[in-house]
Each structure stands twice: as structure tokens, then as C-alpha cells.
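Notes to accompany the following structure.
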Amino acid sequence: VGCGIGGATRRLASKCVGGDSRVTGITLSQKQADRATALAKAQGIPNAEFKVMDALNMTFPDNSFDMVWACESGEHMPDKKKYVEEMVRVLKPGGTLVIATWCQRHAPPELTAEEKGKLQFLYDEWAHPYFISIKDYCALAEGTGAMTEIDMDDWTKQTIVSWRHSIWAGVYDPLPVFTRPKIYYKTLRDIICLERMQRAFAVGLMQYGMIKGVKKAE
């Protein structure tokens, strides 16, 4: 759910579920869906497919999928409750829901003015509507009344290195930036935002949430 150009979808299809299973990725962007489809074809992954669809209003019937996987899409969703409800709706009874997403720390204690300012910078720079906590996601899943075995973890330690790695990847391979001057300014702003995000994770203002649960049998 929120597959982008299909990296996680292709990996699930090629490495995790076997050729007899199908993995469907959805995105709001036709360009992303087209690129994902082209990459799956080029990499010989015929069991991955991509559709343009609103994650908050999926056209799939109820109880469609054995597993629903959402990797770093929750932070982009303007309605987290609807986001979770739709994923639970299309999940088959007995199926597993897994969400990996950027979260803010849980309150209480209430966020300070300084913390709110840091979060607002991240919202504004990358057009995120808002973040919620890991516990909040679990509460939303529980609130559907359809989920059991809900569990959570904070994977900040396992993922925090990726923020500065993204910066250094641009330093080691700057040619795409310097040969396209129109994106130079945007790239600099992204570097600043990546560093600010890394620091927010480092001090505990942000957390990398892993949430999972199983849909109750009907």
C-alpha cells in the first residue's frame, strides 16, 4: 500500500512469496505505476502487478488479500484512521497486516514548543500531513474491532543509519545533481531535511514504527 516505484513489492514477489503467489502494489501516481511495471518486467518478476488507486478508498472487495504490507506510506496519509481501516477491510480473515512507518514519539508527556517546531519543519519540507505514534497505530488497528495479536516495535536503531547514508550517496555520486541545475536547490534542501530527520530520530522525537496484527476469523 503506497508502493512508489515498487521496490518492496518486487522484493516480496521475487524473494518472499514464491512464483505461484501474486503481489499487488498500489500508488496514486500513474508514472510510478508505469515505472514499477517496467522494472518488474526488466527484472523478470511476472507475479508483481501495479495499480493506480487511492489507499483511503481502495476498489478491492472485502477480504481480498492474505497479507497487507505498507512500507513508509502511513506518514503520507492525511487520514490515518481510514488508512488502517481500509487495509484491514481488504485483508482476509486470518491474514496478517504489517505497517512500517515513521512515527513521532508518544504523548504524554506533551510535545514541547521546540519539538512541535521541529516536526512542523519536517511536515512543510516534505509535505507530510502529520505523524502519529506507534501506540496510536496499534490503537487504530484495535479500534477496527477486527484485529487480534496486535504487536509493535521501534526499529529506529536498525534504520537510523539510512538517513545519512542517503546524504552520502549523493556526495559519492553527485553527477545527476550537477548536470541538472534545476534540481540543485531542491537537492540541497533535501540534504538539510534528511539531516534534520536523522537528528529527530536520534533524540527520540521520531521513531521507526513496526506494527503487525492478524485479522480475526469470521
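Quick note on naming: the chains in the C-alpha cells go A, B, ... in the order shown, residues restart at 1 in each chain, and ligands are numbered from 1 in order of appearance.
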How would you write, as JSON, numbers by chain, the set of residues in stretch 34-195 of chain A that DSSP gives as strand (DSSP E)? {"A": [48, 49, 50, 51, 52, 65, 66, 67, 68, 69, 70, 71, 91, 92, 93, 94, 95, 96, 97, 98, 99, 100, 101, 102, 103, 104, 147, 148, 149, 150, 151, 152, 153, 154]}
Near-A:Gly2 list (8 Å; only C-alpha atoms; drop same-chain fewer than 3 positions) as a CSV table (one decimal) with all heavy atoms, in the first residue's frame:
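New file selection.csv:
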```
chain,number,residue,atom,x,y,z
A,25,GLY,N,0.9,-3.9,-5.9
A,25,GLY,CA,1.2,-2.6,-5.3
A,25,GLY,C,0.3,-1.6,-5.8
A,25,GLY,O,-0.1,-1.6,-7.0
A,26,ILE,N,-0.1,-0.6,-4.9
A,26,ILE,CA,-0.9,0.5,-5.3
A,26,ILE,C,-0.3,1.8,-5.0
A,26,ILE,O,0.5,1.9,-4.0
A,26,ILE,CB,-2.3,0.4,-4.7
A,26,ILE,CG1,-2.2,0.6,-3.1
A,26,ILE,CG2,-3.0,-0.9,-5.0
A,26,ILE,CD1,-3.6,0.9,-2.5
A,27,THR,N,-0.5,2.8,-5.9
A,27,THR,CA,0.0,4.1,-5.8
A,27,THR,C,-0.9,5.1,-6.4
A,27,THR,O,-1.7,4.7,-7.3
A,27,THR,CB,1.4,4.2,-6.5
A,27,THR,OG1,1.8,5.6,-6.4
A,27,THR,CG2,1.4,3.7,-7.9
A,28,LEU,N,-0.9,6.3,-6.0
A,28,LEU,CA,-1.7,7.4,-6.6
A,28,LEU,C,-1.2,7.9,-7.9
A,28,LEU,O,-1.9,8.5,-8.7
A,28,LEU,CB,-1.8,8.6,-5.6
A,28,LEU,CG,-2.8,8.5,-4.5
A,28,LEU,CD1,-2.7,9.7,-3.6
A,28,LEU,CD2,-4.2,8.4,-5.1
A,55,ALA,N,-5.3,4.8,-1.5
A,55,ALA,CA,-5.2,3.9,-0.3
A,55,ALA,C,-6.3,4.1,0.7
A,55,ALA,O,-6.6,3.2,1.4
A,55,ALA,CB,-3.9,4.1,0.4
A,70,ALA,N,2.5,-2.4,4.3
A,70,ALA,CA,2.6,-1.0,4.0
A,70,ALA,C,3.9,-0.5,4.5
A,70,ALA,O,4.2,-0.5,5.7
A,70,ALA,CB,1.4,-0.2,4.6
A,71,CYS,N,4.8,-0.1,3.6
A,71,CYS,CA,6.1,0.3,3.9
A,71,CYS,C,6.3,1.8,3.7
A,71,CYS,O,6.3,2.3,2.5
A,71,CYS,CB,7.2,-0.5,3.2
A,71,CYS,SG,8.9,-0.1,3.6
A,72,GLU,N,6.4,2.6,4.7
A,72,GLU,CA,6.7,4.0,4.7
A,72,GLU,C,5.7,4.8,3.8
A,72,GLU,O,6.0,5.7,3.0
A,72,GLU,CB,8.1,4.3,4.2
A,72,GLU,CG,9.1,3.7,5.2
A,72,GLU,CD,10.6,4.0,4.8
A,72,GLU,OE1,10.8,4.8,3.8
A,72,GLU,OE2,11.5,3.5,5.5
A,73,SER,N,4.4,4.4,4.0
A,73,SER,CA,3.3,5.2,3.3
A,73,SER,C,2.4,5.9,4.3
A,73,SER,O,1.8,6.9,4.0
A,73,SER,CB,2.5,4.3,2.4
A,73,SER,OG,2.0,3.2,3.2
```
Would you list the contacts of A:Asn57 as JSON, numbers by chain, taking every protein, DNA or RNA residue within 12 Å and counting only C-alpha atoms, but skipping same-chain residues closer than 2 positions in sequence? {"A": [1, 26, 27, 28, 52, 53, 54, 55, 59, 60, 61, 62, 77, 79, 82, 83, 84, 85, 86, 87, 89, 90]}
Store the residues of this selection in a file with N, CA, C and O atoms, as an mmCIF file, in the first residue's frame.
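The resulting result.cif:
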```
data_model
loop_
_atom_site.group_PDB
_atom_site.id
_atom_site.type_symbol
_atom_site.label_atom_id
_atom_site.label_comp_id
_atom_site.auth_asym_id
_atom_site.auth_seq_id
_atom_site.Cartn_x
_atom_site.Cartn_y
_atom_site.Cartn_z
ATOM 1 N N VAL A 1 0.856 -1.184 0.000
ATOM 2 C CA VAL A 1 0.000 0.000 0.000
ATOM 3 C C VAL A 1 0.891 1.231 0.000
ATOM 4 O O VAL A 1 1.686 1.429 0.922
ATOM 5 N N ILE A 26 -0.088 -0.646 -4.912
ATOM 6 C CA ILE A 26 -0.944 0.465 -5.330
ATOM 7 C C ILE A 26 -0.267 1.792 -5.026
ATOM 8 O O ILE A 26 0.452 1.940 -4.035
ATOM 9 N N THR A 27 -0.490 2.763 -5.917
ATOM 10 C CA THR A 27 0.045 4.111 -5.778
ATOM 11 C C THR A 27 -0.925 5.095 -6.409
ATOM 12 O O THR A 27 -1.698 4.720 -7.293
ATOM 13 N N LEU A 28 -0.868 6.341 -5.988
ATOM 14 C CA LEU A 28 -1.698 7.382 -6.594
ATOM 15 C C LEU A 28 -1.152 7.864 -7.932
ATOM 16 O O LEU A 28 -1.861 8.516 -8.694
ATOM 17 N N VAL A 52 -3.048 1.993 -10.087
ATOM 18 C CA VAL A 52 -3.258 3.343 -9.576
ATOM 19 C C VAL A 52 -4.529 3.316 -8.736
ATOM 20 O O VAL A 52 -5.611 2.996 -9.244
ATOM 21 N N MET A 53 -4.381 3.646 -7.447
ATOM 22 C CA MET A 53 -5.524 3.523 -6.542
ATOM 23 C C MET A 53 -5.284 4.372 -5.298
ATOM 24 O O MET A 53 -4.153 4.534 -4.847
ATOM 25 N N ASP A 54 -6.353 4.893 -4.741
ATOM 26 C CA ASP A 54 -6.313 5.663 -3.507
ATOM 27 C C ASP A 54 -6.313 4.707 -2.322
ATOM 28 O O ASP A 54 -7.257 3.926 -2.146
ATOM 29 N N ALA A 55 -5.279 4.771 -1.501
ATOM 30 C CA ALA A 55 -5.190 3.880 -0.344
ATOM 31 C C ALA A 55 -6.321 4.104 0.650
ATOM 32 O O ALA A 55 -6.647 3.201 1.436
ATOM 33 N N THR A 59 -10.515 0.027 -4.275
ATOM 34 C CA THR A 59 -11.610 -0.597 -5.027
ATOM 35 C C THR A 59 -11.622 -2.116 -4.898
ATOM 36 O O THR A 59 -12.480 -2.780 -5.486
ATOM 37 N N PHE A 60 -10.689 -2.684 -4.143
ATOM 38 C CA PHE A 60 -10.683 -4.129 -3.918
ATOM 39 C C PHE A 60 -11.889 -4.536 -3.063
ATOM 40 O O PHE A 60 -12.296 -3.801 -2.153
ATOM 41 N N PRO A 61 -12.434 -5.706 -3.309
ATOM 42 C CA PRO A 61 -13.515 -6.217 -2.439
ATOM 43 C C PRO A 61 -12.992 -6.485 -1.031
ATOM 44 O O PRO A 61 -11.781 -6.610 -0.798
ATOM 45 N N ASP A 62 -13.904 -6.600 -0.089
ATOM 46 C CA ASP A 62 -13.540 -7.012 1.268
ATOM 47 C C ASP A 62 -12.834 -8.369 1.216
ATOM 48 O O ASP A 62 -13.117 -9.203 0.341
ATOM 49 N N MET A 77 -0.234 9.773 4.692
ATOM 50 C CA MET A 77 -1.685 9.681 4.648
ATOM 51 C C MET A 77 -2.349 10.778 5.472
ATOM 52 O O MET A 77 -2.037 10.949 6.652
ATOM 53 N N ASP A 79 -5.387 10.822 6.515
ATOM 54 C CA ASP A 79 -6.366 10.246 7.441
ATOM 55 C C ASP A 79 -5.841 8.878 7.871
ATOM 56 O O ASP A 79 -6.045 7.871 7.191
ATOM 57 N N LYS A 82 -8.627 6.084 8.513
ATOM 58 C CA LYS A 82 -9.159 5.500 7.284
ATOM 59 C C LYS A 82 -8.121 4.601 6.624
ATOM 60 O O LYS A 82 -8.450 3.549 6.058
ATOM 61 N N TYR A 83 -6.871 5.011 6.679
ATOM 62 C CA TYR A 83 -5.751 4.242 6.124
ATOM 63 C C TYR A 83 -5.710 2.840 6.729
ATOM 64 O O TYR A 83 -5.671 1.827 6.008
ATOM 65 N N VAL A 84 -5.754 2.770 8.056
ATOM 66 C CA VAL A 84 -5.713 1.475 8.730
ATOM 67 C C VAL A 84 -6.997 0.691 8.459
ATOM 68 O O VAL A 84 -6.960 -0.514 8.182
ATOM 69 N N GLU A 85 -8.133 1.356 8.517
ATOM 70 C CA GLU A 85 -9.407 0.671 8.301
ATOM 71 C C GLU A 85 -9.495 0.041 6.918
ATOM 72 O O GLU A 85 -10.004 -1.082 6.767
ATOM 73 N N GLU A 86 -9.011 0.742 5.897
ATOM 74 C CA GLU A 86 -9.068 0.203 4.540
ATOM 75 C C GLU A 86 -8.162 -1.014 4.395
ATOM 76 O O GLU A 86 -8.525 -1.997 3.733
ATOM 77 N N MET A 87 -6.993 -0.976 4.996
ATOM 78 C CA MET A 87 -6.095 -2.130 4.914
ATOM 79 C C MET A 87 -6.689 -3.331 5.626
ATOM 80 O O MET A 87 -6.603 -4.466 5.135
ATOM 81 N N ARG A 89 -9.884 -3.850 6.027
ATOM 82 C CA ARG A 89 -11.056 -4.269 5.248
ATOM 83 C C ARG A 89 -10.684 -5.247 4.139
ATOM 84 O O ARG A 89 -11.375 -6.251 3.927
ATOM 85 N N VAL A 90 -9.595 -4.971 3.416
ATOM 86 C CA VAL A 90 -9.244 -5.817 2.272
ATOM 87 C C VAL A 90 -8.439 -7.050 2.678
ATOM 88 O O VAL A 90 -8.161 -7.913 1.847
#
```
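Within 7 Å of stretch 104-117 of chain A, once only C-alpha atoms are used and residues closer than 2 positions along the same chain are dropped, the contacting residues are Leu119, Gln120, Phe121, Phe131, Ile132, Ser133, Lys135, Gly204, Leu205, Met206 and Gln207 of chain A.
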Save out the residues we just selected, N, CA and C atoms, as a PDB file, in the first residue's frame.
```
ATOM      1  N   LEU A 119       8.965  19.235  14.223  1.00  0.00           N
ATOM      2  CA  LEU A 119       8.042  18.428  13.426  1.00  0.00           C
ATOM      3  C   LEU A 119       7.428  19.254  12.297  1.00  0.00           C
ATOM      4  N   GLN A 120       7.095  20.504  12.581  1.00  0.00           N
ATOM      5  CA  GLN A 120       6.496  21.352  11.551  1.00  0.00           C
ATOM      6  C   GLN A 120       7.446  21.557  10.387  1.00  0.00           C
ATOM      7  N   PHE A 121       8.740  21.675  10.674  1.00  0.00           N
ATOM      8  CA  PHE A 121       9.736  21.791   9.601  1.00  0.00           C
ATOM      9  C   PHE A 121       9.673  20.567   8.693  1.00  0.00           C
ATOM     10  N   PHE A 131       2.363  13.223  11.703  1.00  0.00           N
ATOM     11  CA  PHE A 131       2.787  11.910  12.169  1.00  0.00           C
ATOM     12  C   PHE A 131       1.966  11.541  13.409  1.00  0.00           C
ATOM     13  N   ILE A 132       1.864  10.248  13.681  1.00  0.00           N
ATOM     14  CA  ILE A 132       1.301   9.778  14.942  1.00  0.00           C
ATOM     15  C   ILE A 132       2.284   8.790  15.555  1.00  0.00           C
ATOM     16  N   SER A 133       2.002   8.341  16.759  1.00  0.00           N
ATOM     17  CA  SER A 133       2.927   7.448  17.447  1.00  0.00           C
ATOM     18  C   SER A 133       2.678   5.985  17.085  1.00  0.00           C
ATOM     19  N   LYS A 135       2.112   3.639  19.220  1.00  0.00           N
ATOM     20  CA  LYS A 135       0.961   3.215  20.018  1.00  0.00           C
ATOM     21  C   LYS A 135      -0.347   3.666  19.382  1.00  0.00           C
ATOM     22  N   GLY A 204      14.928  10.804  19.779  1.00  0.00           N
ATOM     23  CA  GLY A 204      13.705  10.157  20.213  1.00  0.00           C
ATOM     24  C   GLY A 204      12.429  10.905  19.887  1.00  0.00           C
ATOM     25  N   LEU A 205      12.535  12.039  19.192  1.00  0.00           N
ATOM     26  CA  LEU A 205      11.329  12.743  18.763  1.00  0.00           C
ATOM     27  C   LEU A 205      10.598  11.931  17.694  1.00  0.00           C
ATOM     28  N   MET A 206      11.366  11.289  16.819  1.00  0.00           N
ATOM     29  CA  MET A 206      10.810  10.393  15.805  1.00  0.00           C
ATOM     30  C   MET A 206      11.199   8.957  16.126  1.00  0.00           C
ATOM     31  N   GLN A 207      10.354   8.023  15.714  1.00  0.00           N
ATOM     32  CA  GLN A 207      10.614   6.602  15.900  1.00  0.00           C
ATOM     33  C   GLN A 207      10.209   5.860  14.636  1.00  0.00           C
TER      34      GLN A 207
END
```
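Separating atom CA of A:Thr96 from atom CA of A:Ala36 is a distance of 24.1 Å.
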Would you tabulate, counting only C-alpha atoms, all residues of stretch 14-107 of chain A that have an atom at most 10 Å from an atom of stretch 149-159 of chain A, showing the closest pair of atoms and their distance in Å to one decimal, sorted by chain then ascending number, as a Markdown table?
```
| residue | atom | partner | partner_atom | distance |
| --- | --- | --- | --- | --- |
| A:Thr96 | CA | A:Glu149 | CA | 9.6 |
| A:Leu97 | CA | A:Ile150 | CA | 9.2 |
| A:Val98 | CA | A:Met152 | CA | 9.7 |
| A:Ile99 | CA | A:Met152 | CA | 9.4 |
| A:Ala100 | CA | A:Trp155 | CA | 9.1 |
| A:Thr101 | CA | A:Trp155 | CA | 9.8 |
| A:Trp102 | CA | A:Thr156 | CA | 9.2 |
| A:Cys103 | CA | A:Asp154 | CA | 9.3 |
```
Out of chain A, which residues get helix (DSSP H, G or I) from DSSP, as number ranges by chain? A: 7-16, 30-42, 74-76, 80-90, 113-126, 134-143, 156-159, 161-172, 175-178, 181-202
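Here atom CA of A:Tyr123 is placed at a distance of 12.7 Å from atom CA of A:Asp190.
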Closest of A:Ile5, A:Pro93, A:His76, A:Lys81 to A:Lys51 - atom-to-atom distances counting only C-alpha atoms: A:Ile5
Find the spatial neighbours of A:Arg22, counting only C-alpha atoms, within a cut-off of 7 Å - ignore same-chain residues fewer than 2 positions away - and output them as a PDB file with C-alpha atoms, in the first residue's frame.
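Final output, result_38.pdb:
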```
ATOM      1  CA  ALA A  13       7.164 -11.082  -5.177  1.00  0.00           C
ATOM      2  CA  ASP A  20       2.566 -19.070  -7.514  1.00  0.00           C
ATOM      3  CA  THR A  24      -0.157  -6.126  -5.958  1.00  0.00           C
ATOM      4  CA  ASN A  47       3.969 -12.083 -10.283  1.00  0.00           C
ATOM      5  CA  ALA A  48       4.176  -8.399  -9.329  1.00  0.00           C
TER       6      ALA A  48
END
```
Distance criterion (only C-alpha atoms): nearest to A:Met58 out of A:Val161, A:Ile45, A:Val88, A:Ala40: A:Val88
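For the pair atom CA of A:Met67 and atom CA of A:Ile211, the separation is 13.3 Å.
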Min atom-atom distance to A:Asn63 from the set A:Gly44, A:Gly7, A:Gly94, A:Pro78, counting only C-alpha atoms, belongs to A:Gly94
Shortest contact to A:Gln198, candidates A:Asp124, A:Lys216, A:Tyr130, A:Lys118, atoms counted only C-alpha atoms, goes to A:Lys118
